[in-house]
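Enquirer: I'm passing along start_30.txt; it holds compact mmCIF, C-alpha atoms.
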```txt
# COMPACT_ATOMS: atom_id res chain seq x y z
CA MET Q 862 169.27 69.04 84.00
CA THR Q 863 171.87 69.57 86.68
CA GLY Q 864 172.28 66.74 89.09
CA PHE Q 865 174.55 64.30 90.87
CA PHE Q 866 176.13 61.42 88.93
CA LEU Q 867 177.88 58.21 89.92
CA GLY Q 868 179.26 55.44 87.73
CA ARG Q 869 178.83 51.83 88.85
CA GLN Q 870 180.20 48.69 87.18
CA PRO Q 871 179.41 45.17 88.44
CA ILE Q 872 182.15 42.77 89.63
CA LEU Q 873 181.19 39.09 89.35
CA ASP Q 874 182.47 35.79 90.73
CA ARG Q 875 183.20 32.60 88.75
CA ASP Q 876 179.50 31.69 88.73
CA GLN Q 877 178.64 35.20 87.49
CA ASN Q 878 177.08 36.16 90.81
CA LEU Q 879 177.33 39.84 91.74
CA VAL Q 880 179.92 40.29 94.50
CA ALA Q 881 180.85 44.00 94.31
CA PHE Q 882 180.66 47.20 92.28
CA GLU Q 883 183.41 49.53 91.18
CA LEU Q 884 182.27 53.10 91.85
CA LEU Q 885 183.39 55.59 89.22
CA PHE Q 886 183.57 59.36 88.89
CA ARG Q 887 181.08 60.69 86.32
CA GLN Q 888 180.03 64.21 85.35
CA GLU Q 889 177.22 63.47 82.89
CA GLU Q 890 174.36 60.99 82.62
CA ASN Q 891 175.42 59.39 79.30
CA GLU Q 892 179.16 59.35 79.98
CA GLU Q 893 180.92 55.99 79.47
CA GLY Q 894 184.33 57.21 80.56
CA VAL Q 895 185.98 60.34 81.88
CA THR Q 896 189.49 61.78 82.00
CA VAL Q 897 190.40 62.44 85.63
CA THR Q 898 192.88 65.27 86.20
CA ASN Q 899 192.59 65.40 89.98
CA GLU Q 900 192.40 61.96 91.60
CA LEU Q 901 191.58 63.23 95.09
CA ALA Q 902 188.77 65.49 93.82
CA ALA Q 903 187.31 62.64 91.73
CA SER Q 904 187.42 60.15 94.62
CA SER Q 905 185.95 62.73 97.01
CA ASN Q 906 183.12 63.33 94.53
CA VAL Q 907 182.41 59.58 94.37
CA ILE Q 908 182.37 59.31 98.18
CA VAL Q 909 180.14 62.36 98.71
CA ASN Q 910 177.66 61.25 96.06
CA ALA Q 911 177.59 57.59 97.11
CA TYR Q 912 177.04 58.34 100.78
CA GLY Q 913 175.42 61.78 100.83
CA GLN Q 914 173.30 62.00 97.69
CA PHE Q 915 172.28 58.47 96.70
CA GLY Q 916 172.69 56.65 100.01
CA ILE Q 917 175.25 53.84 100.16
CA GLN Q 918 172.57 51.18 100.67
CA ASN Q 919 170.87 52.27 97.43
CA VAL Q 920 174.20 52.17 95.56
CA LEU Q 921 175.72 48.95 96.90
CA GLY Q 922 172.96 46.95 98.58
CA ASN Q 923 174.85 44.26 100.50
CA GLN Q 924 177.90 44.36 98.22
CA ARG Q 925 181.22 46.15 98.63
CA GLY Q 926 182.28 49.14 96.55
CA PHE Q 927 185.73 49.44 94.98
CA ILE Q 928 186.86 53.09 95.19
CA ASN Q 929 190.01 54.58 93.65
CA ALA Q 930 192.28 55.68 96.47
CA ASP Q 931 195.39 57.65 95.54
CA PRO Q 932 198.06 58.33 98.21
CA GLU Q 933 196.58 61.75 99.00
CA LEU Q 934 193.21 60.17 99.85
CA ILE Q 935 194.85 57.37 101.86
CA MET Q 936 196.82 59.90 103.91
CA SER Q 937 193.81 62.17 104.48
CA ASP Q 938 191.12 62.04 107.16
CA ILE Q 939 188.49 61.43 104.47
CA ILE Q 940 189.14 57.69 104.81
CA SER Q 941 187.56 57.73 108.27
CA LEU Q 942 184.22 58.60 106.61
CA LEU Q 943 184.23 55.23 104.81
CA PRO Q 944 183.14 52.24 106.92
CA SER Q 945 185.60 49.41 106.22
CA LYS Q 946 182.72 46.97 105.67
CA HIS Q 947 181.52 48.98 102.64
CA VAL Q 948 184.66 49.61 100.60
CA VAL Q 949 187.72 48.14 98.94
CA LEU Q 950 190.39 50.81 98.44
CA GLU Q 951 191.97 50.58 94.98
CA LEU Q 952 195.66 51.50 94.75
CA LYS Q 953 197.35 52.27 91.45
CA GLU Q 954 200.68 50.59 90.74
CA THR Q 955 201.87 53.97 89.42
CA ALA Q 956 201.27 55.66 92.80
CA GLU Q 957 204.17 57.36 94.52
CA ILE Q 958 205.09 55.08 97.41
CA THR Q 959 206.70 56.46 100.55
CA PRO Q 960 207.43 54.80 103.93
CA GLU Q 961 204.64 56.97 105.43
CA PHE Q 962 202.17 55.74 102.80
CA LEU Q 963 203.05 52.08 103.44
CA ARG Q 964 202.76 52.58 107.19
CA ARG Q 965 199.37 54.26 106.79
CA CYS Q 966 198.11 51.39 104.59
CA GLY Q 967 199.29 48.91 107.22
CA GLU Q 968 197.37 50.77 109.94
CA LEU Q 969 194.21 50.87 107.83
CA LYS Q 970 194.51 47.16 107.04
CA LYS Q 971 194.69 46.36 110.78
CA THR Q 972 191.40 48.24 111.30
CA GLY Q 973 189.63 46.13 108.68
CA TYR Q 974 190.11 47.96 105.37
CA GLN Q 975 190.72 45.86 102.25
CA PHE Q 976 193.00 46.97 99.43
CA ALA Q 977 193.07 46.08 95.74
CA LEU Q 978 195.86 46.78 93.28
CA ASP Q 979 194.46 48.19 90.04
CA ASN Q 980 195.39 47.70 86.38
CA VAL Q 981 198.37 45.35 86.79
CA THR Q 982 200.12 44.11 83.62
CA ALA Q 983 203.51 43.12 85.07
CA ILE Q 984 205.34 42.68 88.37
CA ASN Q 985 208.06 45.19 89.20
CA ALA Q 986 209.67 46.40 92.43
CA GLN Q 987 206.85 48.86 93.10
CA VAL Q 988 204.14 46.28 92.51
CA GLU Q 989 205.94 43.88 94.88
CA GLN Q 990 205.83 46.48 97.64
CA LEU Q 991 202.07 46.86 97.20
CA LEU Q 992 201.46 43.10 96.96
CA ALA Q 993 202.37 42.91 100.64
CA ILE Q 994 199.36 45.14 101.41
CA VAL Q 995 196.60 44.21 98.99
CA SER Q 996 194.24 41.25 99.11
CA ILE Q 997 192.96 41.61 95.51
CA VAL Q 998 194.90 42.20 92.28
CA LYS Q 999 193.05 43.52 89.24
CA VAL Q 1000 194.85 42.26 86.13
CA ASN Q 1001 194.30 44.18 82.90
CA VAL Q 1002 193.68 41.23 80.57
CA LEU Q 1003 192.94 43.47 77.57
CA ASP Q 1004 196.56 44.64 77.40
CA LEU Q 1005 198.11 41.15 77.62
CA ASP Q 1006 198.34 38.26 75.15
CA GLU Q 1007 197.57 34.76 76.42
CA GLU Q 1008 201.21 33.84 77.05
CA SER Q 1009 202.00 37.05 78.99
CA LEU Q 1010 198.80 36.69 81.01
CA THR Q 1011 199.60 33.08 81.92
CA LYS Q 1012 203.11 34.06 83.10
CA LEU Q 1013 201.78 36.96 85.16
CA VAL Q 1014 199.15 34.78 86.86
CA THR Q 1015 201.79 32.16 87.69
CA ALA Q 1016 203.94 34.86 89.30
CA LEU Q 1017 201.01 36.37 91.23
CA ASN Q 1018 200.01 32.95 92.59
CA ARG Q 1019 203.04 33.15 94.88
CA TRP Q 1020 201.18 35.86 96.80
CA PRO Q 1021 198.09 35.36 99.04
CA VAL Q 1022 195.85 37.48 96.80
CA LEU Q 1023 192.59 37.01 94.90
CA LEU Q 1024 192.81 37.65 91.16
CA LEU Q 1025 190.28 39.84 89.36
CA ALA Q 1026 190.22 39.84 85.56
CA LEU Q 1027 189.80 43.47 84.52
CA LYS Q 1028 188.61 44.68 81.09
CA VAL Q 1029 187.18 41.34 79.95
CA GLU Q 1030 185.59 42.13 76.60
CA THR Q 1031 185.13 38.80 74.82
CA ARG Q 1032 183.92 35.28 75.54
CA GLU Q 1033 187.39 33.95 74.69
CA GLN Q 1034 189.02 36.19 77.31
CA GLN Q 1035 186.53 35.05 79.91
CA VAL Q 1036 187.11 31.34 79.16
CA HIS Q 1037 190.90 31.76 79.28
CA CYS Q 1038 190.72 33.68 82.58
CA MET Q 1039 188.48 30.97 84.08
CA LYS Q 1040 191.07 28.33 83.12
CA LEU Q 1041 193.82 30.40 84.75
CA GLY Q 1042 191.87 30.45 88.02
CA PHE Q 1043 190.70 34.06 88.25
CA GLN Q 1044 188.17 34.42 91.07
CA MET Q 1045 186.49 37.68 89.96
CA PHE Q 1046 185.62 39.36 86.68
CA GLN Q 1047 184.87 42.88 85.46
CA GLY Q 1048 184.46 44.22 81.95
CA TYR Q 1049 182.23 45.10 79.02
CA PHE Q 1050 181.64 41.40 78.25
CA PHE Q 1051 179.57 41.28 81.46
CA ALA Q 1052 178.27 44.84 81.80
CA LYS Q 1053 179.22 48.38 80.91
CA PRO Q 1054 179.25 50.91 83.74
CA GLU Q 1055 175.82 52.38 84.40
CA VAL Q 1056 175.52 56.00 85.46
CA LEU Q 1057 173.25 56.63 88.43
CA THR Q 1058 171.75 60.11 88.43
CA ILE Q 1059 169.72 62.16 90.85
CA LYS Q 1060 168.25 65.60 90.30
CA ARG Q 1061 170.08 68.34 92.19
CA ALA Q 1062 167.65 69.98 94.60
CA ASP Q 1063 168.30 73.71 94.75
CA PRO Q 1064 169.54 75.07 98.11
CA GLY Q 1065 166.34 77.07 98.62
CA LYS Q 1066 164.26 73.91 98.59
CA LEU Q 1067 166.60 72.10 100.97
CA ALA Q 1068 166.44 75.07 103.37
CA LEU Q 1069 162.64 74.96 103.20
CA LEU Q 1070 162.67 71.22 103.88
CA GLN Q 1071 164.86 71.87 106.93
CA LEU Q 1072 162.47 74.57 108.11
CA LEU Q 1073 159.50 72.26 107.59
CA ALA Q 1074 161.28 69.64 109.71
CA VAL Q 1075 161.65 72.16 112.55
CA ILE Q 1076 157.99 73.24 112.32
CA THR Q 1077 156.63 69.67 112.28
CA SER Q 1078 158.74 68.64 115.26
CA ASP Q 1079 158.10 69.74 118.83
CA SER Q 1080 160.44 72.72 118.49
CA ASP Q 1081 159.38 75.85 120.35
CA ILE Q 1082 158.72 79.17 118.64
CA GLU Q 1083 162.26 80.42 119.39
CA GLU Q 1084 163.71 77.52 117.40
CA ILE Q 1085 161.43 78.29 114.45
CA GLU Q 1086 162.33 81.98 114.67
CA LYS Q 1087 166.04 81.08 114.69
CA GLU Q 1088 165.61 79.01 111.52
CA PHE Q 1089 163.84 81.92 109.80
CA LYS Q 1090 166.68 84.27 110.77
CA HIS Q 1091 169.07 82.08 108.79
CA GLN Q 1092 166.95 82.76 105.69
CA PRO Q 1093 166.43 86.53 105.22
CA GLY Q 1094 164.47 86.15 101.98
CA LEU Q 1095 162.03 83.76 103.59
CA SER Q 1096 161.66 86.02 106.63
CA TYR Q 1097 160.76 88.92 104.34
CA ASN Q 1098 158.27 86.69 102.50
CA LEU Q 1099 156.67 85.68 105.81
CA MET Q 1100 156.39 89.28 107.07
CA ARG Q 1101 154.95 90.45 103.77
CA MET Q 1102 152.36 87.67 103.69
CA VAL Q 1103 151.24 88.14 107.30
CA ASN Q 1104 151.08 91.92 106.94
CA SER Q 1105 148.98 91.54 103.81
CA VAL Q 1106 146.35 89.55 105.71
CA ALA Q 1107 146.55 91.73 108.83
CA ASN Q 1108 144.09 94.33 107.53
CA GLY Q 1109 141.80 95.48 110.30
CA LEU Q 1110 144.28 94.59 113.03
CA PRO Q 1111 145.16 97.40 115.45
CA GLN Q 1112 148.86 97.13 114.57
CA LYS Q 1113 151.06 95.81 111.81
CA VAL Q 1114 153.19 92.70 112.37
CA ASN Q 1115 156.72 93.93 113.00
CA SER Q 1116 158.85 90.94 114.01
CA ILE Q 1117 159.46 87.38 112.84
CA LYS Q 1118 158.33 85.98 116.19
CA HIS Q 1119 155.15 88.07 116.09
CA ALA Q 1120 154.48 86.95 112.50
CA ILE Q 1121 154.87 83.27 113.43
CA THR Q 1122 152.55 83.72 116.42
CA MET Q 1123 150.00 85.60 114.33
CA LEU Q 1124 149.98 83.04 111.54
CA GLY Q 1125 150.00 79.97 113.78
CA ARG Q 1126 152.03 76.79 113.46
CA LYS Q 1127 149.60 74.81 111.26
CA PRO Q 1128 148.98 77.57 108.66
CA LEU Q 1129 152.75 78.24 108.67
CA GLN Q 1130 153.34 74.56 107.96
CA LYS Q 1131 150.93 74.63 105.01
CA TRP Q 1132 152.56 77.78 103.64
CA ILE Q 1133 156.05 76.21 103.76
CA GLN Q 1134 154.74 73.08 102.04
CA LEU Q 1135 153.39 75.19 99.18
CA LEU Q 1136 156.56 77.27 98.97
CA LEU Q 1137 158.54 74.07 98.34
CA TYR Q 1138 156.87 73.92 94.93
CA THR Q 1139 157.53 77.53 93.99
CA SER Q 1140 160.94 78.52 95.42
CA ASN Q 1141 163.50 79.68 92.84
CA GLN Q 1142 161.38 78.33 90.02
CA SER Q 1143 160.19 81.36 88.07
CA GLY Q 1144 159.23 80.19 84.62
CA ASP Q 1145 159.59 76.53 85.54
CA SER Q 1146 156.44 74.98 84.07
CA MET Q 1147 157.08 71.63 85.76
CA SER Q 1148 157.17 73.20 89.22
CA SER Q 1149 154.09 75.28 88.44
CA ALA Q 1150 152.22 72.14 87.42
CA LEU Q 1151 153.48 70.34 90.53
CA LEU Q 1152 152.31 73.23 92.72
CA GLN Q 1153 148.83 72.98 91.20
CA THR Q 1154 148.68 69.21 91.59
CA ALA Q 1155 150.16 69.20 95.11
CA ALA Q 1156 147.85 71.96 96.32
CA ALA Q 1157 144.80 70.20 94.85
CA ARG Q 1158 145.95 66.87 96.34
CA GLY Q 1159 146.41 68.41 99.76
CA LYS Q 1160 143.00 70.07 99.76
CA LEU Q 1161 141.23 67.01 98.35
CA MET Q 1162 142.88 64.76 100.96
CA GLU Q 1163 141.74 67.23 103.63
CA LEU Q 1164 138.14 67.27 102.31
CA ILE Q 1165 138.07 63.45 102.18
CA ALA Q 1166 139.32 63.39 105.79
CA ILE Q 1167 136.58 65.87 106.80
CA ALA Q 1168 133.96 63.63 105.17
CA GLU Q 1169 135.34 60.64 107.06
CA ARG Q 1170 135.87 62.26 110.49
CA PRO Q 1171 134.12 65.65 110.57
CA HIS Q 1172 135.33 66.64 114.05
CA ASP Q 1173 138.92 65.29 113.98
CA LYS Q 1174 140.96 68.39 113.00
CA ASN Q 1175 144.25 66.60 113.62
CA HIS Q 1176 143.26 63.96 111.05
CA HIS Q 1177 142.29 66.69 108.56
CA GLU Q 1178 145.72 68.35 108.95
CA ARG Q 1179 147.60 65.06 108.56
CA ALA Q 1180 145.63 64.25 105.41
CA PHE Q 1181 146.41 67.69 103.93
CA MET Q 1182 150.10 67.24 104.66
CA VAL Q 1183 150.21 63.78 103.06
CA GLY Q 1184 148.68 65.22 99.89
CA ILE Q 1185 151.07 68.16 99.74
CA LEU Q 1186 154.19 66.09 100.48
CA SER Q 1187 153.30 63.25 98.10
CA LEU Q 1188 155.00 64.93 95.12
CA LEU Q 1189 158.14 66.15 96.90
CA ASP Q 1190 160.19 63.15 95.73
CA VAL Q 1191 159.52 64.21 92.12
CA LEU Q 1192 160.28 67.85 92.85
CA LEU Q 1193 163.48 67.33 94.85
CA GLY Q 1194 164.76 64.27 93.02
CA MET Q 1195 165.07 62.52 96.37
CA ASP Q 1196 163.84 59.17 97.59
CA MET Q 1197 160.58 59.61 99.53
CA GLN Q 1198 162.02 57.65 102.46
CA GLN Q 1199 164.84 60.21 102.74
CA ILE Q 1200 162.31 63.06 102.82
CA VAL Q 1201 160.16 61.34 105.44
CA ASP Q 1202 163.23 60.58 107.57
CA ASN Q 1203 163.91 64.33 107.73
CA LEU Q 1204 160.44 65.14 109.05
CA ALA Q 1205 158.92 64.35 112.44
CA ILE Q 1206 155.65 62.95 111.08
CA SER Q 1207 153.32 60.27 112.40
CA GLU Q 1208 153.64 56.62 111.41
CA ASP Q 1209 150.38 56.61 109.42
CA MET Q 1210 151.67 59.55 107.33
CA ASN Q 1211 155.00 57.79 106.87
CA GLN Q 1212 153.26 54.64 105.60
CA ALA Q 1213 150.99 56.62 103.28
CA LEU Q 1214 153.86 58.52 101.65
CA VAL Q 1215 156.40 55.72 101.34
CA SER Q 1216 154.22 52.71 100.46
CA ARG Q 1217 150.64 54.05 100.13
CA GLY Q 1218 149.85 51.93 103.19
CA GLY Q 1219 147.16 52.42 105.83
CA ARG Q 1220 143.97 54.49 105.65
CA LEU Q 1221 145.69 57.70 104.51
CA GLY Q 1222 147.64 55.71 101.92
CA GLN Q 1223 144.42 54.23 100.58
CA GLU Q 1224 142.91 57.72 100.30
CA LEU Q 1225 146.05 58.97 98.55
CA LYS Q 1226 145.72 56.10 96.06
CA LEU Q 1227 142.14 57.24 95.47
CA VAL Q 1228 143.31 60.79 94.73
CA GLU Q 1229 146.03 59.52 92.35
CA ALA Q 1230 143.52 57.25 90.58
CA SER Q 1231 141.21 60.25 90.19
CA GLU Q 1232 144.04 62.34 88.65
CA ASN Q 1233 144.63 59.55 86.12
CA SER Q 1234 140.88 59.03 85.44
CA GLU Q 1235 141.11 55.38 86.53
CA VAL Q 1236 137.39 54.98 87.21
CA GLU Q 1237 137.43 51.27 88.06
CA THR Q 1238 140.20 51.76 90.62
CA MET Q 1239 138.35 54.74 92.09
CA GLN Q 1240 135.12 52.70 92.42
CA SER Q 1241 137.00 49.84 94.07
CA ILE Q 1242 138.69 52.10 96.64
CA LEU Q 1243 135.49 54.03 97.35
CA THR Q 1244 133.73 50.73 98.06
CA GLU Q 1245 136.50 49.70 100.47
CA LEU Q 1246 136.45 53.09 102.22
CA GLY Q 1247 132.68 52.96 102.55
CA PHE Q 1248 131.88 56.58 103.40
CA LEU Q 1249 132.05 58.42 100.07
CA SER Q 1250 130.27 58.04 96.71
CA LEU Q 1251 131.72 58.82 93.29
CA SER Q 1252 129.43 61.84 92.89
CA GLU Q 1253 130.43 63.17 96.32
CA LEU Q 1254 134.11 62.72 95.41
CA THR Q 1255 133.56 64.63 92.15
CA ASN Q 1256 131.92 67.46 94.07
CA ILE Q 1257 134.75 67.90 96.59
CA GLU Q 1258 137.29 67.56 93.76
CA MET Q 1259 135.86 70.73 92.21
CA GLN Q 1260 136.22 72.51 95.57
CA ALA Q 1261 139.86 71.34 95.85
CA ILE Q 1262 140.74 72.48 92.32
CA GLY Q 1263 139.16 75.89 92.95
CA TRP Q 1264 141.16 76.27 96.16
CA ALA Q 1265 144.39 75.21 94.39
CA ASN Q 1266 143.81 77.80 91.65
CA ARG Q 1267 143.37 80.54 94.25
CA MET Q 1268 146.57 79.43 96.02
CA SER Q 1269 148.47 79.45 92.74
CA GLU Q 1270 147.37 83.03 92.08
CA ALA Q 1271 148.36 84.05 95.61
CA THR Q 1272 151.88 82.54 95.35
CA GLY Q 1273 152.46 83.52 91.72
```
Produce structure tokens that represent the structure in this file.

Expert:
Amino acid sequence: MTGFFLGRQPILDRDQNLVAFELLFRQEENEEGVTVTNELAASSNVIVNAYGQFGIQNVLGNQRGFINADPELIMSDIISLLPSKHVVLELKETAEITPEFLRRCGELKKTGYQFALDNVTAINAQVEQLLAIVSIVKVNVLDLDEESLTKLVTALNRWPVLLLALKVETREQQVHCMKLGFQMFQGYFFAKPEVLTIKRADPGKLALLQLLAVITSDSDIEEIEKEFKHQPGLSYNLMRMVNSVANGLPQKVNSIKHAITMLGRKPLQKWIQLLLYTSNQSGDSMSSALLQTAAARGKLMELIAIAERPHDKNHHERAFMVGILSLLDVLLGMDMQQIVDNLAISEDMNQALVSRGGRLGQELKLVEASENSEVETMQSILTELGFLSLSELTNIEMQAIGWANRMSEATG
């Protein structure tokens, strides 16, 4: 499975409370370590994934993230993308130090950025230059015997820096580092790096999600047409579909705008929702199964809504959309909150999708319980809803499955 990966190793205080994470470049899900040949590319990958793919709040919570920062990254504009409250920039003692680099670090420090010095085993002239900048020194305790470590700590105590014991692998190392006064700890003795992973959504699906966002907002038809024009394949698909159902009309549909008008905003919305489960997925049995389930969910939610409020078409449409969208997090490998944030949908739909809250959320739970044959849960929810019996639910389920099968044939 292709996807996005990010390594994360905890950093603890003296009481073994979590205080930060080191964020690490990873290319595979089960990778414990990786050889980095391009520091800037690796750090850029970490930043893009942490902020863009996973969401920094999901990665760090309320903690800070230590990120490797070579001179090229420090000197680049990429740094401005990193809020100072989120990160500690890790400098390597082997980095090439220039007056420009030191000046740049000084400027960043004044604006609130914190620096750490990584993998220190001795103090030399270069390390002394960097000690004037950093507030944290990561000492590689694995490469030092007890005597050398004690001498190094004594020397470092002349500087106003916090000491972090790096590569702590045994209980004995931890005890010795505690006695020496280290304030922070990182290493296999506490926790190996975990690799966070998220499925890579293909560009076609992301484009469809963007189009769905435009359709569900208050955008006018020109905006929708403009979005279609950015996606020639989708425009062709739309024209072909509308022309195929235009039999008996005095003229064929011959423009994107005409096709959108002919189809109507709500049917167009439903069509895009279904396409999300089929785009670029020929032969993908998982997506085919998801299409079937999502289509059946959408229709069943709509039929339940009709039974509850026969004349409220807006409620029927919202219920259908909740059913269809309820599996998008699985399909796209994205957090449902992220998906909802991209769409201009009502608060009751938001609650239903994210937390199964509210009336629509309760009905979605009923549909999910039915899929899993959880009869007791179904009975309990039906009693709470108070307008539908188990036999009536079974009847409309058959209608929904029949409709989903027809849709699958039409999009296959």

Enquirer: Which is closer to Pro871 (chain Q) than all the others in Q:Leu1254, Q:Val1056, Q:Ile940, Q:Leu1013, using only C-alpha atoms?

Expert: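 Smallest distance to Pro871 (chain Q) is found for Q:Val1056.
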
Enquirer: Just to confirm, what's the straight-line distance from CA of Ile1082 (chain Q) to CA of Lys1127 (chain Q) in Å (one decimal)?

Expert: 12.5 Å

Enquirer: From the list Q:Val1002, Q:Ile958, Q:Val1075, Q:Leu1057, which residue is nearest Leu885 (chain Q) when using all atoms listed in the file?

Expert: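 Nearest to Leu885 (chain Q): Q:Leu1057.
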
Enquirer: Every residue with an atom at most 8 Å from (193.5, 49.9, 97.1) (file coordinates; all atoms listed in the file) is what I'm after, so could you write them as a CSV table (one decimal) with C-alpha atoms, keeping the file's coordinate frame?

Expert:
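This is the output file selection.csv:
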```csv
chain,number,residue,atom,x,y,z
Q,928,ILE,CA,186.9,53.1,95.2
Q,929,ASN,CA,190.0,54.6,93.6
Q,930,ALA,CA,192.3,55.7,96.5
Q,949,VAL,CA,187.7,48.1,98.9
Q,950,LEU,CA,190.4,50.8,98.4
Q,951,GLU,CA,192.0,50.6,95.0
Q,952,LEU,CA,195.7,51.5,94.8
Q,953,LYS,CA,197.4,52.3,91.4
Q,975,GLN,CA,190.7,45.9,102.2
Q,976,PHE,CA,193.0,47.0,99.4
Q,977,ALA,CA,193.1,46.1,95.7
Q,978,LEU,CA,195.9,46.8,93.3
Q,979,ASP,CA,194.5,48.2,90.0
Q,995,VAL,CA,196.6,44.2,99.0
```

Enquirer: Give me, please, the distance in Å between CA of Asn1175 (chain Q) and CA of Glu1258 (chain Q), quoted to one decimal.

Expert: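 Atom-to-atom, CA of Asn1175 (chain Q) to CA of Glu1258 (chain Q), that is 21.1 Å.
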
Enquirer: Using Å and a single decimal, report how far CA of Thr1058 (chain Q) sits from CA of Met1182 (chain Q).

Expert: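 These two atoms are separated by 28.0 Å.
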
Enquirer: Check the smallest atom-to-atom distance from each of Q:Leu1025, Q:Gln990, Q:Ile1117, Q:Glu1229 to Glu1083 (chain Q) using only C-alpha atoms, then report the winner.

Expert: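 Of Q:Leu1025, Q:Gln990, Q:Ile1117, Q:Glu1229, the one nearest Glu1083 (chain Q), counting only C-alpha atoms, is Q:Ile1117.
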
Enquirer: Please determine, counting all atoms listed in the file, which residue among Q:Lys971, Q:Ser1252, Q:Val1000, Q:Asn910 has the shortest atom-to-atom distance to Glu954 (chain Q).

Expert: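 Answer, going by the shortest atom-to-atom distance: Q:Val1000.
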
Enquirer: Restricting the calculation to all atoms listed in the file, which member of Q:Leu1003, Q:Leu1186, Q:Leu963, Q:Leu1243 is positioned closest to Thr1255 (chain Q)?

Expert: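 For Thr1255 (chain Q), the nearest of the given residues is Q:Leu1243.
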
Enquirer: Using only the atoms of region 962-968 of chain Q listed in the file, plus 8 Å on each side, state the axis-aligned box centre and edge lengths in Å rounded to one decimal, as JSON.

Expert:
```
{"center_x": 200.2, "center_y": 52.3, "center_z": 106.4, "size_x": 21.7, "size_y": 22.8, "size_z": 23.1}
```
